[in-house]
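Comments concern the structure below.
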Amino acid sequence: MHRLNLRHFIASTSMAGAVLFLLVIPDFFQPYVTPRVLAFRVLSGLVFSLWLALATSDPRYREVLRWPGTVALLGLLGVTAAATAFGIDPGRSFWGDLERTGGWLTLAHLVAWWIATASCLRAQDWRRWLSIATLVAAAVTTFGIVNQWVQGTLLSQRLSTLSGNPTFLASYLLVCAPLAVVFATEGSRRVRTLFALAGLVMVAGVFLTFSRGALLALGCGVAVPGVWWISRQRARTVITTVGVAVVATAALGLAVAGVADGNNRGGFGRVFQMGMDSSSAQMRILGWKAAWEGFLERPRLGWGPENYYAVFNVHFDPLVHTLSAEESLLDRPHNQFLETLCTTGPLGLLAFVALLASTVVTLRRNTLPFAVRGTLLGCTVAYAVNLFFLFDTLLPTIVWLALLAYAHRLGHPFPDGPELRVPRSLIVAALVAWIFIGWQTGLRPAIAALDTARMVQSPSVFTSVEQLLRIESRNNWSLVSPAMMLSDRLRNQLMDGDGFSTDQAQAVDQLIGFFDREWTRRPLDVRVGLELMELGNLRYLMHANTKDLERAEANYHRLQSISATRGDVHLLAAQSSVGAGRYAQALERVERARRLNPHWPDPHWFAGVYSVEAGMDTTAAVLDMRRALALRYKVKPPDMIHVESLARKAATPELACEFWIEWTRLHPGDLAAWNRIVTLATQLDDEQLATRAQDHAKALQALVPTQR
């Protein structure tokens, strides 16, 4: 193969990276993230292998190794490799996990892609690449907006088309939208109009994701190059531009505020909740605090990439339970700078900042068109500001690096010279290496991801558990998340059934064995310990074996040694104590959880429940349950059984009525609940409440024939 043709092949193949956002495979465990990362690994391995064949004999293809961006990327890769080797979980740091598919391996493929494409693609190739990425992003955004408009959810739901997460879509559009400026200032009128419309659509898409960090990043990305441009203009132009900007900003603010008044249930109403007192902001601050404390504990090379989950567990703040019950197990601090600091140390952060700062070297070249320099500056500012509120993802990074390579290639054209032939043996060796690496890092993990998705979707939980064990034996990823899904399904089946079958008992034993092995590999993963405690409690209900209680106690003390500030650990241990009939011990552990966070409603609820079950003071139990209700305890179906039991024992129908009212607030369509409120209100001689409940019950009964 002729060298020129080989370079053209690399350039043409690299165009696939511009359309990766379109790749969605529903059969994958994570259909929006995993397929794109694995496809990128295969693509990166191919172009890098062929680049090696070119660079072996021609030093012009090695010139990219001296670029500032390449030096920063190689430095980041080296520091991350050291952090991976000396981190707390080298396997996870190297391979990543099934949800994020990050880790050192993906970073290595990103660096390889940059070296190969930056070396082989000319300025016109990069221009074609960026134009394709811009149009793809605009087309996807248009499709999402039209789809929401047809469904009637525009402005009331966050836009997340082909991303699975509105924040991920906003991050991608942030780096694609500035690209439209480059193409909207050159070419024919049709081309300029097309890319101007594409830019407007993507800016609208960022707004419709209602991602507050992305909106702030967008504002900074527009303001910084805008100020730079104004500083180069005459006074009259400056005054006119500032006036137009102020008027446009005021008009946009009034329009957004007007729309927000009618859409506070979602949409723009979320954008205005940017105060530091909001629960999401406080959760971010707690995540940042844990990252900083983790850095202080391991200040040299950090904990290792992808290991923030351990940092969060060790430095857990009890306030998390009050702010967000769903995010008590964070794996990202939502700040890429702090995450890099605590997982790779100060050298890793220095290399990452140097990568962002390499744009300064490119911007200083006066040979670049002003549109390119302004776009690169705005894109870099928006990218960096967004990373202050989020973690890094692959596709926005690829687009930003492509823009950086394009700007650098404009200032450094490829050296002229004759094109020689590449030895066929080098090409064959490169392809053989790509086949091996692509299988190990792309195709084999893809098969595992497909098998995992089928396992989770299997109707039989017992078959799924057996498939889990088979996948575990030939997979390098952590399978804790899908195993937790299977564990939840199994517990629900057992609680809903009348007894325990042999297959169910075997599935519980197999899951316990799986989580035991995972905890040996990842001793700081609190998720695994919590699952082991829950499954141990379940197995004790099956067999009433004291060894299960002993194992639960051992797991409890081990979890305490990891994080003594997690109240959910104490509550699970209290359940183990209740199963053994040790109510005094259970109440003591509930009290520990309550002392850690008095504003968390769950300890108050369980204190009342266990007091009732133990036959203790029902007055104190009523107070505990009412306190839990006042703290917005989320009532669940099993809770009502305890409330009714307490109402019978202590003759307190008022409490039962309060809890049934709270239940109907969460489940307004429960006809039986409204009928129960009618009965209790009649006992309490509350005619107003009884009448209101009867009206609700009659309205629901009237809907039943219509629904049928």
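Chain identifiers are assigned as A, B, and so on, following the order in which chains appear in the structure tokens; residues are numbered from 1 within each chain, and ligands are numbered from 1 in order of appearance.
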Which neighbours of His321 (chain A) fall inside 10 Å, counting only C-alpha atoms, when residues of the same chain fewer than 3 positions from it are skipped, and could you give them as JSON, numbers by chain? {"A": [317, 318, 324, 325, 326, 327, 328, 566, 567, 568, 597, 599, 600, 601, 602]}
I want to know what sits within 8 Å of region 667-684 of chain A, based on only C-alpha atoms, with residues of the same chain fewer than 5 positions away left out; could you give that as a count of residues only? 15
Judged by only C-alpha atoms, the minimum distance to Ala177 (chain A) among A:Ala281, A:Ala351, A:Leu20, A:Ala382 is found for A:Ala382
Taking into account only C-alpha atoms, which residue in the set A:Leu410, A:Leu347, A:Leu623, A:Ala544 is nearest to Gln124 (chain A)? A:Leu410
Shell of 10 Å around Asp509 (chain A), only C-alpha atoms, local chain residues under 6 positions omitted, as a JSON list (two decimals) with N, CA, C and O atoms, in the first residue's frame:
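Final output, saved to out-v7.json:
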```
[["chain", "number", "residue", "atom", "x", "y", "z"],
["A", 503, "ASP", "N", -34.30, -23.35, 44.82],
["A", 503, "ASP", "CA", -33.64, -22.50, 43.83],
["A", 503, "ASP", "C", -33.36, -21.11, 44.39],
["A", 503, "ASP", "O", -32.30, -20.52, 44.14],
["A", 535, "LEU", "N", -28.23, -9.65, 52.15],
["A", 535, "LEU", "CA", -28.39, -11.05, 51.75],
["A", 535, "LEU", "C", -28.19, -11.99, 52.94],
["A", 535, "LEU", "O", -28.83, -13.04, 53.04],
["A", 536, "GLY", "N", -27.29, -11.60, 53.86],
["A", 536, "GLY", "CA", -27.11, -12.40, 55.07],
["A", 536, "GLY", "C", -28.36, -12.43, 55.93],
["A", 536, "GLY", "O", -28.74, -13.47, 56.48],
["A", 539, "ARG", "N", -30.72, -14.79, 54.25],
["A", 539, "ARG", "CA", -30.39, -16.20, 54.42],
["A", 539, "ARG", "C", -30.69, -16.66, 55.84],
["A", 539, "ARG", "O", -31.06, -17.82, 56.05]]
```
From the list A:Thr362, A:Ser188, A:Gln440, A:Ser160, which residue is nearest Phe207 (chain A) when using only C-alpha atoms? A:Ser160
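Taking only C-alpha atoms into account, Leu23 (chain A) lies nearest to A:Leu395 out of the set A:Pro225, A:Leu395, A:Leu130, A:Val456.
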List every residue of region 82-179 of chain A that DSSP, applied to the backbone of this structure, assigns to helix (DSSP H, G or I), and report them as an MDAnalysis selection string. chainID A and resid 82:86 90:95 103:120 123:151 166:176 179
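Each of A:Ala628, A:Ala223, A:Ala137, A:Cys176 was compared to Val19 (chain A) using only C-alpha atoms, and A:Ala137 turns out to be the nearest.
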List as a list of chain:residue names the protein and nucleic acid residues near Val578 (chain A), meaning an atom at most 10 Å away when only C-alpha atoms are counted, but skip any in the same chain fewer than 5 places from it. A:Asn537, A:Leu572, A:Ala573, A:Tyr583, A:Ala584, A:Gln585, A:Ala586, A:Leu587, A:Tyr610, A:Glu613, A:Ala614
Polymer residues at most 10 Å from Leu169 (chain A), only C-alpha atoms, same-chain spacing of 5 or more positions, as a PyMOL selection string: chain A and resi 21+137+140-141+159-164+174+205-206+209+211+214+395-396
Name all residues at most 10 Å from Val428 (chain A) (count only C-alpha atoms; drop same-chain ones fewer than 6 positions away) and give them as a PyMOL selection string. chain A and resi 49-50+53+434
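Of the listed residues (A:Ala291, A:Ala449, A:Leu135, A:Ile398), A:Ala449 comes nearest to Pro26 (chain A); the distances count only C-alpha atoms.
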Using only C-alpha atoms, determine which residues lie at most 12 Å from Pro369 (chain A), disregarding the query and same-chain residues fewer than 6 positions distant; provide the list as a PyMOL selection string. chain A and resi 181-183+185-186+362-363+375-376+406-408+410-411
